[in-house]
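Here is the structure we will look at, set down as structure tokens.
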Amino acid sequence: MKKNMGLTDRVIRLIAAVVIVVLQQAAIIEGTLAMVLLVIAAVFVLTSVISWCPLYVPFKISTCKKSENKS
């Protein structure tokens, strides 16, 4: 699996995931919205850790530098 996410993209996703968790823990978001956003946050964390986003593949998007693009 080829990396298709650069450092900036990964950091932004991790920050977004942390913000979602904080909002849920502070009871600012609740119910179904909170559950959906927590699932999205989990996907953001997973894709950031493995540096690969499946939604980028069909559109041939890559935010990583050429030197980072290794298998």
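Simple scheme: letters A, B, ... for chains in structure tokens order, numbers from 1 for residues in each chain, numbers from 1 for ligands in the order shown.
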For this session: Would you kindly return, as a list in words, each protein, DNA or RNA residue with an atom no farther than 10 Å from any atom of Leu46 in chain A, considering only C-alpha atoms and excluding same-chain residues fewer than 6 positions away?
Result: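 Neighbouring residues, sequence-local ones excluded: Arg10, Arg13, Leu14, Ile40, Trp52 and Cys53 of chain A.
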For this session: Would you return as JSON, numbers by chain the members of range 14-70 of chain A that DSSP assigns to helix (DSSP H, G or I) on this structure's backbone?
Result: {"A": [14, 15, 16, 17, 18, 19, 20, 21, 22, 23, 24, 25, 31, 32, 33, 34, 35, 36, 37, 38, 39, 40, 41, 42, 43, 44, 45, 46, 47, 48, 49, 50, 66, 67, 68]}
Problem set entry | Selected residue of minimal separation from Ala42 in chain A among A:Val22, A:Ile61, A:Ala17, A:Val11, counting only C-alpha atoms |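 Selected residue with least distance to Ala42 in chain A: A:Ala17.
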Exercise. When distances are computed from only C-alpha atoms, which of A:Val21, A:Cys64, A:Lys2, A:Ile12 shows the smallest separation from Val39 in chain A?
Worked result: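 Under the stated criterion, the closest residue is A:Val21.
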Problem set entry | Which residue of A:Val45, A:Met1, A:Val36, A:Ile29 approaches Ala16 in chain A most closely, using only C-alpha atoms |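 Once distances to Ala16 in chain A are computed over only C-alpha atoms, the minimum belongs to A:Val45.
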Seminar exercise, completed: From CA of Asp9 in chain A to CA of Ala26 in chain A the spacing works out at 25.9 Å
Problem set entry | Shell of 8 Å around Ser51 in chain A, only C-alpha atoms, local chain residues under 3 positions omitted, as a list in words |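 Answer for this query is Lys3, Asn4, Met5, Gly6, Arg10, Thr47 and Ser48 of chain A.
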Problem set entry | Two-atom distance - CA of Ile28 in chain A, CA of Phe44 in chain A (Å) | 20.1 Å
Exercise. With only C-alpha atoms as the atoms that count, which of A:Leu55, A:Leu23, A:Val18, A:Leu7 lies nearest to Ala41 in chain A?
Worked result: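 Among the listed residues, A:Val18 lies closest to Ala41 in chain A.
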